[in-house]
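Scroll down for the structure; my scribbles are underneath it.
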Amino acid sequence: MTGLVLAVDLGSGGPKVGYVTVTGEPVWWWYERADAVGGAEVQDAEVWWETVVTAARRGLAEGGVDGRDVVGVAVTGQWASTVPVDATGRPVAECLMWSDTRGGEYSLKRFGGPVAGYAPRVLATWLRRSGGIPNPAGADPVAHMLHLEHDRPEVTARARWYLEPVDYLTMRFTGVPAATLMSMTAAWLTDNRDLSSLAYDPVLVRLSGVNPSRLPPLVAGGSVVAPVAPEVAELIGIAPTAQVVPGVPDLHNAAIGSGCVAAYRPHMSLGTSSWVSCPVPGKKTDVIRQMAAVPGLGDGNYLLANNQDNAGRCLEWFRAGFAPEVSYDDLEALAAAAEPGSGGVLFTPWLNGERSPIDDRRARGGFHNVSLGTTRADLTRAVLEGVAMNMRWLLAGAEHFAGRRFDPIRLIGGCARMDVWCQILADVCDRTIERVADPLAGGLRGAGLTVGLALGEVRAADLPDLVPVDRVFTPDPRHRATYDRLFSQFPKLYSRNKKMFSHLNR
């Protein structure tokens, strides 16, 4: 067996943990949802670590894995969240998740204004240097840090570093604080015109108002942070020589795990949230559609970043509120039984606001055009179609950004296990969808390949052939007119209700 990687994929629903070869082949993996402490806005980072350790030890005991074969450790996962830790890397408070907006009032004072919600001079400075800017509504690391500094002195008194979740877990494995231009993207505190500069931009740090002494040191992406700490190696049972690479955000990891690392090669993720992305050759920002080229996978390379805030979370919400006795397999069967177009019902998936292609934290979702003849099957399918409609809207912006049509698109993410949802995406977006094998384990595959790249075991050019595709979904022309007619109304539902959202969700 080739060298193994202990891989961790920390999603919003909890960590996936597995052992993967350096060529990306899953050997054993396990998944457990984590309970949020206080709701979707915060989670217990110590629970993440305990789950990772327990699962990693379980893999050695039950998965036929020999810890002596582990040559590397890699962490990927959700980003734009903040874990305050002490000098040893232990959390001193809960993790503020990417949906936490409690620091919004401080961000609004610093960044808010009349130009797309931003102060003109501040916006121009940030876009010129970083390519993005902290959100006046909060829900990003700068707002988290401002909230902690202003409102929680008992936390800041104990905090040494403010870390992204992937960097937090990497520090737990090594004892070494480290971040990259990629993992710190959502803070927008680096000058991304020069990706060889591993430093925070003093102008942006000053404008942000954050405490620079609590920002983690920057290292090169794709490098090695340190060997796994001896006590952690002993605790889990893996080789103490295993090399730990820097944490990788799920966006970047998905490009690796889907094999889409060549310029303009697109991938789509369908998980708790969703996005469509591709590597691009230069720095660029689309303020209107909330998209930017962020530090990418190699020197001089960038990656298109955008985010559909709710995807799989919509089906989770629907099941909890409308069909708690029904399994996800049964929901898929219901959706498949309904006619394409869901009897004319449109579902808007903005249950927690939206980020791209419109940035509005006050937007809310809903079912539209429901009648007395609407069935549970119609509503179920409408949820899947609504997420796909939003993806079509997002895809149009992404293709405008890249200046080309994306077709075919590789699909990754846990919700891609549902064949009916994959076909709906293909039909609604009118694109060929190539689903990678074991899409739920795609993050773990990407983590394994990341170590393979760092250790020189694989080359970037090898990645497309190392990632298998298990099924191709082609658009069904019989459904084109139905979905075109429905989509013609979809963006209008937002524009017509924008004022209502603002009035009701202040």
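Ligands are numbered from 1 in the order shown, chains are lettered A, B, ... in the order of the structure tokens, and residues start at 1 in each chain.
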### Task
List every residue of segment 100-291 of chain A that DSSP, applied to the backbone, labels as strand (DSSP E), and write the result as an MDAnalysis selection string.
chainID A and resid 112:115 118 161:163 226:227 243:244 248:249 267:270 274:277 279:280 285:286 291
### Task
Please identify all polymer residues within 9 Å of segment 404-407 of chain A, counting only C-alpha atoms, omitting same-chain residues fewer than 4 positions from it, and present them as a list in words.
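Counting only the stated atoms, we get Tyr264, Arg265, Pro266, His267, Leu395, Ala396, Ala398, Glu399, His400, Arg431, Thr432 and Ile433 of chain A.
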Deliver the residues from the most recent selection as a file, using C-alpha atoms, as a compact mmCIF listing (two decimals), in the first residue's frame.
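The new file again_8.txt reads:
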# COMPACT_ATOMS: atom_id res chain seq x y z
CA TYR A 264 -10.78 27.58 -16.30
CA ARG A 265 -11.56 23.92 -15.51
CA PRO A 266 -14.85 24.23 -13.59
CA HIS A 267 -16.16 22.34 -10.61
CA LEU A 395 -23.42 30.05 -12.80
CA ALA A 396 -24.33 32.89 -15.14
CA ALA A 398 -19.38 32.89 -12.77
CA GLU A 399 -19.29 32.41 -16.54
CA HIS A 400 -19.44 36.18 -17.01
CA ARG A 431 -24.89 21.76 -18.52
CA THR A 432 -23.32 18.32 -18.52
CA ILE A 433 -22.56 17.31 -14.93
### Query
Which one of A:Ala441, A:Ala311, A:Ala333, A:Leu4 sits closest to Gly386 of chain A if you count only C-alpha atoms?
A:Ala311
Would you kindly return, as a PDB file with N, CA and C atoms, in the first residue's frame, each protein, DNA or RNA residue with an atom no farther than 8 Å from any atom of Arg102 of chain A, considering only C-alpha atoms and excluding same-chain residues fewer than 2 positions away?
ATOM      1  N   ASP A 100     -22.322  33.866  11.848  1.00  0.00           N
ATOM      2  CA  ASP A 100     -22.423  34.705  13.044  1.00  0.00           C
ATOM      3  C   ASP A 100     -22.233  36.172  12.656  1.00  0.00           C
ATOM      4  N   GLY A 104     -21.444  42.718  13.289  1.00  0.00           N
ATOM      5  CA  GLY A 104     -21.871  43.525  12.157  1.00  0.00           C
ATOM      6  C   GLY A 104     -21.910  45.019  12.439  1.00  0.00           C
ATOM      7  N   GLU A 105     -22.284  45.402  13.657  1.00  0.00           N
ATOM      8  CA  GLU A 105     -22.374  46.835  13.954  1.00  0.00           C
ATOM      9  C   GLU A 105     -21.013  47.508  13.855  1.00  0.00           C
ATOM     10  N   GLY A 138     -21.337  41.915   8.694  1.00  0.00           N
ATOM     11  CA  GLY A 138     -20.670  40.921   9.546  1.00  0.00           C
ATOM     12  C   GLY A 138     -20.564  39.589   8.836  1.00  0.00           C
ATOM     13  N   ALA A 139     -20.661  38.498   9.600  1.00  0.00           N
ATOM     14  CA  ALA A 139     -20.595  37.145   9.051  1.00  0.00           C
ATOM     15  C   ALA A 139     -19.282  36.897   8.342  1.00  0.00           C
ATOM     16  N   ALA A 143     -15.377  40.723  11.321  1.00  0.00           N
ATOM     17  CA  ALA A 143     -16.484  41.025  12.227  1.00  0.00           C
ATOM     18  C   ALA A 143     -16.389  40.185  13.493  1.00  0.00           C
ATOM     19  N   HIS A 144     -16.004  38.920  13.342  1.00  0.00           N
ATOM     20  CA  HIS A 144     -15.837  38.069  14.526  1.00  0.00           C
ATOM     21  C   HIS A 144     -14.787  38.655  15.469  1.00  0.00           C
ATOM     22  N   HIS A 147     -16.012  41.778  17.177  1.00  0.00           N
ATOM     23  CA  HIS A 147     -16.963  41.412  18.232  1.00  0.00           C
ATOM     24  C   HIS A 147     -16.235  40.952  19.485  1.00  0.00           C
TER      25      HIS A 147
END
### Query
What lies within 9 Å of Met145 of chain A using only C-alpha atoms, ignoring chain neighbours under 2 positions off, as a list in words?
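Within the cut-off, the hits are Thr82, Pro84, Gly103, Asp140, Pro141, Val142, Ala143, His147, Leu148, Glu149, His150, Tyr162, Val210 and Asn211 of chain A.
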Give me a file of those residues, with N, CA and C atoms, as a PDB file, in the first residue's frame.
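Output (again12.pdb):
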ATOM      1  N   THR A  82     -14.171  31.644  12.998  1.00  0.00           N
ATOM      2  CA  THR A  82     -13.072  32.085  13.852  1.00  0.00           C
ATOM      3  C   THR A  82     -13.049  31.320  15.167  1.00  0.00           C
ATOM      4  N   PRO A  84     -11.008  31.401  18.655  1.00  0.00           N
ATOM      5  CA  PRO A  84     -10.003  32.031  19.515  1.00  0.00           C
ATOM      6  C   PRO A  84      -9.307  30.966  20.357  1.00  0.00           C
ATOM      7  N   GLY A 103     -20.777  40.828  15.111  1.00  0.00           N
ATOM      8  CA  GLY A 103     -19.849  41.946  14.943  1.00  0.00           C
ATOM      9  C   GLY A 103     -20.254  42.902  13.841  1.00  0.00           C
ATOM     10  N   ASP A 140     -18.178  37.347   8.925  1.00  0.00           N
ATOM     11  CA  ASP A 140     -16.850  37.058   8.394  1.00  0.00           C
ATOM     12  C   ASP A 140     -15.823  37.235   9.519  1.00  0.00           C
ATOM     13  N   PRO A 141     -14.565  36.808   9.302  1.00  0.00           N
ATOM     14  CA  PRO A 141     -13.588  36.826  10.396  1.00  0.00           C
ATOM     15  C   PRO A 141     -13.317  38.197  10.984  1.00  0.00           C
ATOM     16  N   VAL A 142     -13.271  39.248  10.166  1.00  0.00           N
ATOM     17  CA  VAL A 142     -13.014  40.573  10.718  1.00  0.00           C
ATOM     18  C   VAL A 142     -14.116  40.967  11.693  1.00  0.00           C
ATOM     19  N   ALA A 143     -15.377  40.723  11.321  1.00  0.00           N
ATOM     20  CA  ALA A 143     -16.484  41.025  12.227  1.00  0.00           C
ATOM     21  C   ALA A 143     -16.389  40.185  13.493  1.00  0.00           C
ATOM     22  N   HIS A 147     -16.012  41.778  17.177  1.00  0.00           N
ATOM     23  CA  HIS A 147     -16.963  41.412  18.232  1.00  0.00           C
ATOM     24  C   HIS A 147     -16.235  40.952  19.485  1.00  0.00           C
ATOM     25  N   LEU A 148     -15.245  40.086  19.323  1.00  0.00           N
ATOM     26  CA  LEU A 148     -14.513  39.588  20.483  1.00  0.00           C
ATOM     27  C   LEU A 148     -13.764  40.722  21.184  1.00  0.00           C
ATOM     28  N   GLU A 149     -13.122  41.583  20.400  1.00  0.00           N
ATOM     29  CA  GLU A 149     -12.325  42.659  20.992  1.00  0.00           C
ATOM     30  C   GLU A 149     -13.199  43.683  21.722  1.00  0.00           C
ATOM     31  N   HIS A 150     -14.389  43.943  21.187  1.00  0.00           N
ATOM     32  CA  HIS A 150     -15.248  44.978  21.783  1.00  0.00           C
ATOM     33  C   HIS A 150     -16.173  44.436  22.870  1.00  0.00           C
ATOM     34  N   TYR A 162      -6.344  34.174  16.710  1.00  0.00           N
ATOM     35  CA  TYR A 162      -7.649  33.975  16.094  1.00  0.00           C
ATOM     36  C   TYR A 162      -7.423  33.118  14.838  1.00  0.00           C
ATOM     37  N   VAL A 210      -8.668  45.375  13.564  1.00  0.00           N
ATOM     38  CA  VAL A 210      -8.391  44.148  14.303  1.00  0.00           C
ATOM     39  C   VAL A 210      -7.028  44.243  14.974  1.00  0.00           C
ATOM     40  N   ASN A 211      -6.819  43.386  15.951  1.00  0.00           N
ATOM     41  CA  ASN A 211      -5.551  43.348  16.682  1.00  0.00           C
ATOM     42  C   ASN A 211      -4.555  42.504  15.892  1.00  0.00           C
TER      43      ASN A 211
END
### alpha helix (DSSP H) residues, from DSSP on the backbone, in segment 360-470 of chain A, as a PyMOL selection string
chain A and resi 376-402+419-429+442-454+463-466
### Query
Mind pulling up the distance from atom CA of Ala437 of chain A to atom CA of Pro468 of chain A?
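Straight-line distance from atom CA of Pro468 of chain A to atom CA of Ala437 of chain A works out to 5.7 Å.
For the residues A:Ala293, A:Val20, A:Ala226, A:Ala80, ranking by smallest atom-to-atom distance to Ser99 of chain A using only C-alpha atoms places A:Ala80 first.
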### Message
Could you check the closest approach to Val83 of chain A for each of A:Trp29, A:Tyr483, A:Trp98, A:Tyr106 and tell me which residue wins, using only C-alpha atoms?
### Response
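Looking only at the distances to Val83 of chain A, the closest residue turns out to be A:Trp98.
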### Query
Using only C-alpha atoms, which of the listed residues (A:Glu332, A:Glu354, A:Asp167, A:Asp427) sits closest to Asp378 of chain A?
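Smallest distance to Asp378 of chain A is found for A:Glu332.
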### Query
Restricting the calculation to only C-alpha atoms, which member of A:Leu127, A:Leu444, A:Ala186, A:Ile238 is positioned closest to Pro295 of chain A?
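Smallest separation from Pro295 of chain A among the options: A:Ala186.
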